[in-house]
$ cat work.csv   # CSV, C-alpha atoms
chain,number,residue,atom,x,y,z
K,26,MET,CA,0.0,0.0,0.0
K,27,THR,CA,1.4,3.4,-1.0
K,28,ILE,CA,0.6,6.2,1.3
K,29,PRO,CA,1.0,10.0,0.9
K,30,ALA,CA,4.3,11.5,2.0
K,31,SER,CA,2.6,13.4,4.8
K,32,LEU,CA,1.3,10.1,6.3
K,33,ALA,CA,4.7,8.5,5.9
K,34,VAL,CA,6.1,11.2,8.2
K,35,ILE,CA,3.4,10.5,10.7
K,36,ALA,CA,4.0,6.8,10.5
K,37,ARG,CA,7.7,7.3,11.3
K,38,ASP,CA,6.9,9.6,14.2
K,39,LEU,CA,4.2,7.3,15.7
K,40,ALA,CA,5.9,4.0,15.0
K,41,PRO,CA,9.7,4.4,14.9
K,42,ALA,CA,10.2,0.7,15.4
K,43,GLY,CA,8.5,0.1,12.0
K,44,ALA,CA,5.3,-1.5,13.3
K,45,LEU,CA,2.6,0.1,15.4
K,46,ARG,CA,2.9,-1.3,18.9
K,47,VAL,CA,-0.5,-1.0,20.7
K,48,SER,CA,-1.2,-1.7,24.4
K,49,ILE,CA,-4.6,-3.4,24.9
K,50,ASN,CA,-6.4,-3.7,28.2
K,51,LEU,CA,-8.1,-7.1,28.3
K,52,GLY,CA,-9.3,-6.3,31.8
K,53,ASN,CA,-12.1,-4.2,30.4
K,54,PRO,CA,-14.4,-6.6,28.6
K,55,VAL,CA,-16.4,-3.8,26.9
K,56,LEU,CA,-13.3,-2.7,25.0
K,57,ALA,CA,-11.3,-5.8,24.4
K,58,GLN,CA,-11.9,-9.6,24.5
K,59,GLY,CA,-10.1,-12.7,23.5
K,60,SER,CA,-6.6,-13.7,24.5
K,61,PRO,CA,-3.1,-12.0,24.3
K,62,ASP,CA,-2.4,-14.2,21.3
K,63,ALA,CA,-5.7,-13.3,19.6
K,64,PRO,CA,-7.2,-10.0,21.0
K,65,ALA,CA,-10.5,-8.7,19.7
K,66,GLY,CA,-13.0,-5.9,20.3
K,67,VAL,CA,-13.4,-2.3,19.4
K,68,THR,CA,-9.9,-1.2,20.6
K,69,VAL,CA,-8.3,-3.8,18.4
K,70,GLU,CA,-10.4,-2.8,15.4
K,71,ILE,CA,-9.5,0.9,15.8
K,72,ALA,CA,-5.8,0.1,16.2
K,73,ARG,CA,-5.8,-2.0,13.0
K,74,GLU,CA,-7.6,0.8,11.1
K,75,ILE,CA,-5.1,3.4,12.3
K,76,ALA,CA,-2.2,1.1,11.2
K,77,ARG,CA,-3.9,0.4,7.9
K,78,ARG,CA,-4.2,4.1,7.1
K,79,LEU,CA,-0.5,4.6,7.9
K,80,GLY,CA,0.7,1.6,5.9
K,81,LEU,CA,2.0,-0.1,9.1
K,82,GLY,CA,1.9,-3.5,10.6
K,83,VAL,CA,0.5,-3.8,14.1
K,84,GLU,CA,1.7,-5.5,17.2
K,85,PHE,CA,-0.5,-6.0,20.3
K,86,LEU,CA,0.8,-5.9,23.9
K,87,CYS,CA,-2.0,-7.2,26.1
K,88,PHE,CA,-2.5,-6.6,29.8
K,89,ASP,CA,-5.1,-7.3,32.4
K,90,ALA,CA,-5.3,-3.7,33.8
K,91,ALA,CA,-5.4,-0.1,32.5
K,92,ARG,CA,-2.4,0.8,34.7
K,93,LYS,CA,-0.2,-1.8,33.0
K,94,SER,CA,-1.4,-0.7,29.6
K,95,TYR,CA,-0.5,2.9,30.5
K,96,GLU,CA,2.9,1.9,31.8
K,97,ALA,CA,3.8,0.1,28.6
K,98,MET,CA,3.4,3.3,26.6
K,99,ALA,CA,4.9,5.5,29.3
K,100,THR,CA,8.1,3.3,29.3
K,101,GLY,CA,8.4,3.2,25.5
K,102,ARG,CA,7.2,-0.4,24.9
K,103,ALA,CA,4.0,0.7,23.1
K,104,ASP,CA,3.2,3.6,20.7
K,105,LEU,CA,-0.5,3.8,21.3
K,106,CYS,CA,-2.9,3.0,24.1
K,107,PHE,CA,-6.6,3.0,24.9
K,108,LEU,CA,-7.4,4.7,28.2
K,109,ALA,CA,-9.9,6.7,30.0
K,110,VAL,CA,-9.3,10.5,29.9
K,111,GLU,CA,-8.2,11.5,33.4
K,112,PRO,CA,-6.2,14.5,34.7
K,113,ALA,CA,-3.6,12.1,36.3
K,114,ARG,CA,-2.8,10.8,32.9
K,115,GLU,CA,-3.0,13.9,30.7
K,116,ALA,CA,0.5,15.2,31.7
K,117,GLU,CA,2.0,12.2,29.9
K,118,VAL,CA,-0.7,11.2,27.4
K,119,ALA,CA,-2.0,13.2,24.4
K,120,PHE,CA,-5.6,12.0,24.1
K,121,THR,CA,-8.0,12.1,21.2
K,122,ALA,CA,-11.7,12.8,21.8
K,123,PRO,CA,-13.5,9.8,23.3
K,124,TYR,CA,-14.6,7.0,21.1
K,125,VAL,CA,-16.7,5.2,23.8
K,126,HIS,CA,-18.5,6.3,26.9
K,127,ILE,CA,-19.0,3.8,29.7
K,128,GLU,CA,-20.3,4.2,33.2
K,129,GLY,CA,-18.8,3.6,36.7
K,130,VAL,CA,-21.3,2.2,39.2
K,131,TYR,CA,-21.4,1.1,42.8
K,132,ALA,CA,-22.5,-2.3,44.2
K,133,VAL,CA,-23.5,-2.7,47.8
K,134,PRO,CA,-25.2,-5.4,50.0
K,135,VAL,CA,-28.9,-5.4,49.5
K,136,ASP,CA,-29.5,-4.3,53.1
K,137,SER,CA,-27.1,-1.3,52.8
K,138,ALA,CA,-28.4,2.1,53.9
K,139,LEU,CA,-26.5,3.6,51.0
K,140,ARG,CA,-29.0,4.5,48.3
K,141,THR,CA,-27.4,7.1,46.0
K,142,PRO,CA,-23.9,7.9,44.8
K,143,ALA,CA,-23.8,10.9,47.1
K,144,ASP,CA,-24.5,8.7,50.1
K,145,VAL,CA,-21.3,6.8,49.5
K,146,ASP,CA,-19.0,9.6,50.3
K,147,ARG,CA,-19.2,9.3,54.1
K,148,ASP,CA,-16.7,8.6,56.9
K,149,ALA,CA,-16.3,4.9,57.6
K,150,VAL,CA,-17.4,3.9,54.1
K,151,ARG,CA,-14.7,1.9,52.2
K,152,ILE,CA,-14.9,1.4,48.5
K,153,GLY,CA,-13.2,-1.5,46.7
K,154,VAL,CA,-11.6,-0.5,43.3
K,155,LYS,CA,-9.3,-2.0,40.7
K,156,GLN,CA,-5.9,-0.4,41.2
K,157,GLY,CA,-5.1,2.2,38.6
K,158,SER,CA,-8.5,2.0,36.9
K,159,ALA,CA,-10.3,5.2,35.7
K,160,TYR,CA,-12.7,5.0,38.6
K,161,ASP,CA,-9.8,4.5,41.1
K,162,LEU,CA,-8.3,7.8,39.7
K,163,TYR,CA,-11.6,9.6,39.7
K,164,LEU,CA,-12.6,8.6,43.2
K,165,THR,CA,-9.2,9.3,44.6
K,166,ARG,CA,-9.5,12.8,43.1
K,167,THR,CA,-13.1,13.5,44.1
K,168,LEU,CA,-14.0,11.7,47.4
K,169,ARG,CA,-13.8,13.8,50.6
K,170,HIS,CA,-14.8,11.3,53.3
K,171,ALA,CA,-14.9,7.7,52.0
K,172,THR,CA,-11.8,5.6,51.7
K,173,VAL,CA,-10.6,3.9,48.5
K,174,VAL,CA,-9.3,0.3,49.0
K,175,ARG,CA,-7.3,-1.0,46.0
K,176,GLY,CA,-6.9,-4.5,44.7
K,177,ASP,CA,-6.2,-6.5,41.5
K,178,GLU,CA,-10.0,-6.5,41.0
K,179,GLY,CA,-12.5,-4.2,42.8
K,180,VAL,CA,-15.0,-6.9,43.4
K,181,ASP,CA,-12.4,-9.2,44.8
K,182,VAL,CA,-11.2,-6.7,47.4
K,183,PHE,CA,-14.8,-5.7,48.2
K,184,HIS,CA,-15.6,-9.3,49.1
K,185,ALA,CA,-12.3,-10.3,50.7
K,186,GLU,CA,-12.2,-7.3,53.1
K,187,ARG,CA,-16.0,-7.1,53.6
K,188,LEU,CA,-16.1,-3.5,52.4
K,189,GLU,CA,-19.2,-1.4,52.3
K,190,VAL,CA,-19.1,-0.6,48.6
K,191,GLY,CA,-17.6,-2.1,45.4
K,192,ALA,CA,-16.9,0.1,42.3
K,193,GLY,CA,-16.6,-1.0,38.7
K,194,ILE,CA,-17.6,-0.7,35.1
K,195,ARG,CA,-21.4,-1.1,34.7
K,196,GLN,CA,-21.4,-4.1,32.3
K,197,PRO,CA,-19.2,-6.6,34.3
K,198,LEU,CA,-20.5,-5.3,37.7
K,199,THR,CA,-24.1,-5.8,36.6
K,200,GLU,CA,-23.3,-9.4,35.7
K,201,HIS,CA,-21.6,-9.9,39.0
K,202,VAL,CA,-24.5,-8.5,40.9
K,203,ALA,CA,-27.0,-10.7,38.9
K,204,ALA,CA,-25.0,-13.8,40.0
K,205,ARG,CA,-25.1,-12.8,43.7
K,206,PRO,CA,-28.6,-12.2,45.1
K,207,GLY,CA,-27.1,-10.5,48.2
K,208,LEU,CA,-26.0,-7.5,46.2
K,209,ARG,CA,-27.6,-4.6,44.3
K,210,LEU,CA,-26.4,-1.7,42.2
K,211,ILE,CA,-26.7,2.0,43.3
K,212,GLU,CA,-28.3,4.1,40.6
K,213,PRO,CA,-27.5,6.3,38.8
K,214,ALA,CA,-23.9,5.8,37.8
K,215,PHE,CA,-21.4,7.8,39.8
K,216,MET,CA,-19.3,8.7,36.7
K,217,THR,CA,-19.0,8.6,32.9
K,218,ILE,CA,-15.7,7.1,31.8
K,219,ARG,CA,-14.6,8.7,28.5
K,220,GLN,CA,-12.4,6.2,26.7
K,221,ALA,CA,-10.0,7.7,24.2
K,222,VAL,CA,-6.9,6.8,22.1
K,223,GLY,CA,-3.7,8.1,23.5
K,224,THR,CA,0.0,8.5,22.6
K,225,THR,CA,2.9,10.1,24.3
K,226,ARG,CA,3.2,13.9,24.4
K,227,SER,CA,6.6,13.6,22.7
K,228,ARG,CA,4.8,13.0,19.3
K,229,GLY,CA,4.5,15.8,16.8
K,230,GLU,CA,1.4,17.9,16.5
K,231,GLU,CA,0.6,16.5,13.1
K,232,THR,CA,0.7,13.0,14.5
K,233,VAL,CA,-1.7,13.9,17.3
K,234,ARG,CA,-4.0,15.7,14.9
K,235,PHE,CA,-4.1,12.6,12.6
K,236,LEU,CA,-5.1,10.4,15.5
K,237,THR,CA,-7.7,12.9,16.7
K,238,ASP,CA,-9.2,13.3,13.2
K,239,THR,CA,-9.2,9.6,12.5
K,240,VAL,CA,-11.0,8.7,15.8
K,241,ALA,CA,-13.6,11.5,15.1
K,242,GLU,CA,-14.2,10.0,11.7
K,243,LEU,CA,-14.5,6.5,13.0
K,244,VAL,CA,-17.1,7.6,15.5
K,245,ALA,CA,-19.1,9.7,13.0
K,246,SER,CA,-19.1,7.1,10.3
K,247,GLY,CA,-20.5,4.4,12.6
K,248,PHE,CA,-17.3,2.3,12.6
K,249,VAL,CA,-17.0,2.4,16.4
K,250,ALA,CA,-20.7,1.4,16.9
K,251,GLN,CA,-20.3,-1.4,14.4
K,252,ALA,CA,-17.1,-2.7,16.0
K,253,LEU,CA,-18.9,-2.7,19.4
K,254,SER,CA,-21.8,-4.7,17.9
K,255,ARG,CA,-19.4,-7.2,16.3
K,256,SER,CA,-17.8,-7.8,19.7
K,257,GLY,CA,-21.2,-8.4,21.4
K,258,GLN,CA,-21.3,-4.9,23.1
K,259,ASP,CA,-24.0,-2.3,23.0
K,260,PRO,CA,-23.4,0.0,20.0
K,261,ALA,CA,-25.0,2.8,21.9
K,262,LEU,CA,-21.8,3.0,24.0
K,263,ALA,CA,-20.1,4.8,21.0
K,264,ALA,CA,-19.3,8.4,22.0
K,265,PRO,CA,-21.4,11.2,20.4
K,266,ALA,CA,-19.9,12.4,17.2
K,267,ALA,CA,-17.9,15.6,17.6
$ encode --input "work.csv" --output "structure tokens"
Amino acid sequence: MTIPASLAVIARDLAPAGALRVSINLGNPVLAQGSPDAPAGVTVEIAREIARRLGLGVEFLCFDAARKSYEAMATGRADLCFLAVEPAREAEVAFTAPYVHIEGVYAVPVDSALRTPADVDRDAVRIGVKQGSAYDLYLTRTLRHATVVRGDEGVDVFHAERLEVGAGIRQPLTEHVAARPGLRLIEPAFMTIRQAVGTTRSRGEETVRFLTDTVAELVASGFVAQALSRSGQDPALAAPAA
């Protein structure tokens, strides 16, 4: 495939190793599924499309947590990542506009006195989260009274330490609650998680603009919604077109 000279410059800037190295978070089942050897999902499809437009091969580095995906790019092992936009990350990551919006929700025992998200931010309330997740960063930044308790998985530390609240992404936490009659979700969601494509801030302005424009086009054209549908996810999770 022959690409314009301007795209060739972007390709060299974004993928100096010759192939686009992409970190994928398999710990978020809305965005990625499959195995490290055969990842699938909307993030994988977006990465392949970006690589195709730049005439690049693509290599996937798969992880089970967002913090590990972030670290791979921050340490130079990956060129591109898929992360939630959070102030704690923006100093190091140049983000596009979001391609997907997902929700963070709370789970509590059915007999809990906590009924709304606002009720959760109280003294003596402990919230189990997945360490380094978007909702970990958000709650750490916004809570004034409740305590964040981190673990490899939010629901695991919630159960293991008998915490008052567990936090997580709506889709997998809803499934978890459905399988455990002693739990319920608190509605509405306590946050919207804006998932975007990111690269390091060392990249050139044209490279970041290319990524931004490409993601905006993939959202507006329906590519993202279709990719979500192909992976068994709700196409309505696609971000609004800019």
$ residues_around --input "work.csv" --residues "K:Leu188" --least-positions-apart "3" --cutoff "8 Å" --atoms "only C-alpha atoms" --output "number ranges by chain"
K: 150-153, 182-185, 191
$ atom_distance --input "work.csv" --atom1 "atom CA of K:Val174" --atom2 "atom CA of K:Arg187"
11.0 Å
$ residues_around --input "work.csv" --residues "K:Ser256" --least-positions-apart "3" --cutoff "7 Å" --atoms "all atoms listed in the file" --output "ChimeraX atom specification"
/K:66,252-253
$ residues_around --input "work.csv" --residues "stretch 234-249 of chain K" --least-positions-apart "2" --cutoff "7 Å" --atoms "only C-alpha atoms" --output "MDAnalysis selection string"
chainID K and resid 67 121:122 124 230:232 251:253 263:264 266:267
$ residues_around --input "work.csv" --residues "K:Asp144" --least-positions-apart "3" --cutoff "12 Å" --atoms "only C-alpha atoms" --output "PDB file with C-alpha atoms, in the frame of the given file"
ATOM      1  CA  TYR K 131     -21.400   1.100  42.800  1.00  0.00           C
ATOM      2  CA  VAL K 133     -23.500  -2.700  47.800  1.00  0.00           C
ATOM      3  CA  SER K 137     -27.100  -1.300  52.800  1.00  0.00           C
ATOM      4  CA  ALA K 138     -28.400   2.100  53.900  1.00  0.00           C
ATOM      5  CA  LEU K 139     -26.500   3.600  51.000  1.00  0.00           C
ATOM      6  CA  ARG K 140     -29.000   4.500  48.300  1.00  0.00           C
ATOM      7  CA  THR K 141     -27.400   7.100  46.000  1.00  0.00           C
ATOM      8  CA  ARG K 147     -19.200   9.300  54.100  1.00  0.00           C
ATOM      9  CA  ASP K 148     -16.700   8.600  56.900  1.00  0.00           C
ATOM     10  CA  ALA K 149     -16.300   4.900  57.600  1.00  0.00           C
ATOM     11  CA  VAL K 150     -17.400   3.900  54.100  1.00  0.00           C
ATOM     12  CA  LEU K 168     -14.000  11.700  47.400  1.00  0.00           C
ATOM     13  CA  ARG K 169     -13.800  13.800  50.600  1.00  0.00           C
ATOM     14  CA  HIS K 170     -14.800  11.300  53.300  1.00  0.00           C
ATOM     15  CA  ALA K 171     -14.900   7.700  52.000  1.00  0.00           C
ATOM     16  CA  GLU K 189     -19.200  -1.400  52.300  1.00  0.00           C
ATOM     17  CA  VAL K 190     -19.100  -0.600  48.600  1.00  0.00           C
ATOM     18  CA  ILE K 211     -26.700   2.000  43.300  1.00  0.00           C
ATOM     19  CA  GLU K 212     -28.300   4.100  40.600  1.00  0.00           C
ATOM     20  CA  PRO K 213     -27.500   6.300  38.800  1.00  0.00           C
ATOM     21  CA  PHE K 215     -21.400   7.800  39.800  1.00  0.00           C
TER      22      PHE K 215
END
$ closest_residue --input "work.csv" --among "K:Pro64, K:Pro123, K:Pro134, K:Gly52" --to "K:Arg205" --atoms "only C-alpha atoms"
K:Pro134
$ residues_around --input "work.csv" --residues "K:Gly82" --least-positions-apart "5" --cutoff "10 Å" --atoms "all atoms listed in the file" --output "ChimeraX atom specification"
/K:40,43-46,73,75-77
$ atom_distance --input "work.csv" --atom1 "atom CA of K:Glu186" --atom2 "atom CA of K:Ala159"
21.5 Å
$ closest_residue --input "work.csv" --among "K:Ala63, K:Ala42, K:Leu81, K:Ile127" --to "K:Ala214" --atoms "only C-alpha atoms"
K:Ile127
$ atom_distance --input "work.csv" --atom1 "atom CA of K:Ala203" --atom2 "atom CA of K:Ala65"
25.4 Å
$ decode --input "work.csv" --residues "stretch 120-143 of chain K" --atoms "N, CA, C and O atoms" --output "JSON list (two decimals), in the first residue's frame"
[["chain", "number", "residue", "atom", "x", "y", "z"],
["K", 120, "PHE", "N", -4.38, 12.76, 24.36],
["K", 120, "PHE", "CA", -5.59, 12.01, 24.08],
["K", 120, "PHE", "C", -6.34, 12.58, 22.88],
["K", 120, "PHE", "O", -6.34, 13.78, 22.64],
["K", 121, "THR", "N", -7.02, 11.69, 22.16],
["K", 121, "THR", "CA", -8.01, 12.10, 21.18],
["K", 121, "THR", "C", -9.31, 12.39, 21.92],
["K", 121, "THR", "O", -9.39, 12.24, 23.14],
["K", 122, "ALA", "N", -10.34, 12.80, 21.18],
["K", 122, "ALA", "CA", -11.68, 12.84, 21.76],
["K", 122, "ALA", "C", -12.11, 11.40, 22.05],
["K", 122, "ALA", "O", -11.58, 10.44, 21.46],
["K", 123, "PRO", "N", -13.07, 11.19, 22.94],
["K", 123, "PRO", "CA", -13.50, 9.83, 23.26],
["K", 123, "PRO", "C", -14.12, 9.10, 22.07],
["K", 123, "PRO", "O", -14.73, 9.72, 21.20],
["K", 124, "TYR", "N", -13.95, 7.80, 22.05],
["K", 124, "TYR", "CA", -14.62, 6.96, 21.07],
["K", 124, "TYR", "C", -15.74, 6.15, 21.71],
["K", 124, "TYR", "O", -16.67, 5.69, 21.03],
["K", 125, "VAL", "N", -15.69, 5.98, 23.02],
["K", 125, "VAL", "CA", -16.70, 5.23, 23.77],
["K", 125, "VAL", "C", -16.93, 5.92, 25.11],
["K", 125, "VAL", "O", -15.99, 6.43, 25.72],
["K", 126, "HIS", "N", -18.18, 5.91, 25.56],
["K", 126, "HIS", "CA", -18.53, 6.34, 26.91],
["K", 126, "HIS", "C", -19.07, 5.13, 27.67],
["K", 126, "HIS", "O", -20.03, 4.49, 27.20],
["K", 127, "ILE", "N", -18.47, 4.82, 28.80],
["K", 127, "ILE", "CA", -19.00, 3.77, 29.67],
["K", 127, "ILE", "C", -19.21, 4.35, 31.05],
["K", 127, "ILE", "O", -18.78, 5.47, 31.35],
["K", 128, "GLU", "N", -19.89, 3.62, 31.92],
["K", 128, "GLU", "CA", -20.26, 4.16, 33.22],
["K", 128, "GLU", "C", -19.58, 3.42, 34.36],
["K", 128, "GLU", "O", -19.38, 2.20, 34.30],
["K", 129, "GLY", "N", -19.27, 4.16, 35.41],
["K", 129, "GLY", "CA", -18.80, 3.58, 36.66],
["K", 129, "GLY", "C", -19.96, 3.54, 37.64],
["K", 129, "GLY", "O", -20.67, 4.54, 37.82],
["K", 130, "VAL", "N", -20.17, 2.38, 38.26],
["K", 130, "VAL", "CA", -21.29, 2.21, 39.19],
["K", 130, "VAL", "C", -20.81, 1.57, 40.48],
["K", 130, "VAL", "O", -19.73, 0.97, 40.54],
["K", 131, "TYR", "N", -21.63, 1.70, 41.51],
["K", 131, "TYR", "CA", -21.36, 1.09, 42.81],
["K", 131, "TYR", "C", -22.24, -0.13, 43.02],
["K", 131, "TYR", "O", -23.41, -0.15, 42.62],
["K", 132, "ALA", "N", -21.69, -1.13, 43.73],
["K", 132, "ALA", "CA", -22.46, -2.27, 44.22],
["K", 132, "ALA", "C", -22.38, -2.29, 45.74],
["K", 132, "ALA", "O", -21.32, -1.98, 46.32],
["K", 133, "VAL", "N", -23.47, -2.64, 46.38],
["K", 133, "VAL", "CA", -23.53, -2.71, 47.83],
["K", 133, "VAL", "C", -24.37, -3.92, 48.24],
["K", 133, "VAL", "O", -25.14, -4.46, 47.43],
["K", 134, "PRO", "N", -24.26, -4.37, 49.49],
["K", 134, "PRO", "CA", -25.18, -5.40, 49.97],
["K", 134, "PRO", "C", -26.63, -4.91, 49.89],
["K", 134, "PRO", "O", -26.90, -3.71, 50.01],
["K", 135, "VAL", "N", -27.54, -5.83, 49.69],
["K", 135, "VAL", "CA", -28.94, -5.44, 49.49],
["K", 135, "VAL", "C", -29.52, -4.68, 50.68],
["K", 135, "VAL", "O", -30.40, -3.84, 50.52],
["K", 136, "ASP", "N", -29.00, -4.94, 51.88],
["K", 136, "ASP", "CA", -29.54, -4.27, 53.06],
["K", 136, "ASP", "C", -28.76, -3.01, 53.44],
["K", 136, "ASP", "O", -28.98, -2.43, 54.50],
["K", 137, "SER", "N", -27.87, -2.54, 52.57],
["K", 137, "SER", "CA", -27.09, -1.34, 52.85],
["K", 137, "SER", "C", -27.99, -0.12, 52.93],
["K", 137, "SER", "O", -28.97, 0.02, 52.19],
["K", 138, "ALA", "N", -27.62, 0.80, 53.82],
["K", 138, "ALA", "CA", -28.35, 2.06, 53.94],
["K", 138, "ALA", "C", -27.99, 3.04, 52.84],
["K", 138, "ALA", "O", -28.65, 4.07, 52.69],
["K", 139, "LEU", "N", -26.96, 2.73, 52.07],
["K", 139, "LEU", "CA", -26.50, 3.61, 51.00],
["K", 139, "LEU", "C", -27.43, 3.45, 49.80],
["K", 139, "LEU", "O", -27.60, 2.34, 49.27],
["K", 140, "ARG", "N", -28.02, 4.56, 49.34],
["K", 140, "ARG", "CA", -29.02, 4.49, 48.28],
["K", 140, "ARG", "C", -28.64, 5.28, 47.03],
["K", 140, "ARG", "O", -29.13, 4.96, 45.95],
["K", 141, "THR", "N", -27.83, 6.28, 47.17],
["K", 141, "THR", "CA", -27.44, 7.13, 46.03],
["K", 141, "THR", "C", -25.93, 7.27, 46.01],
["K", 141, "THR", "O", -25.25, 7.05, 47.02],
["K", 142, "PRO", "N", -25.34, 7.66, 44.88],
["K", 142, "PRO", "CA", -23.90, 7.89, 44.84],
["K", 142, "PRO", "C", -23.42, 8.90, 45.88],
["K", 142, "PRO", "O", -22.35, 8.74, 46.46],
["K", 143, "ALA", "N", -24.22, 9.91, 46.13],
["K", 143, "ALA", "CA", -23.83, 10.91, 47.13],
["K", 143, "ALA", "C", -23.74, 10.31, 48.53],
["K", 143, "ALA", "O", -22.92, 10.75, 49.35]]
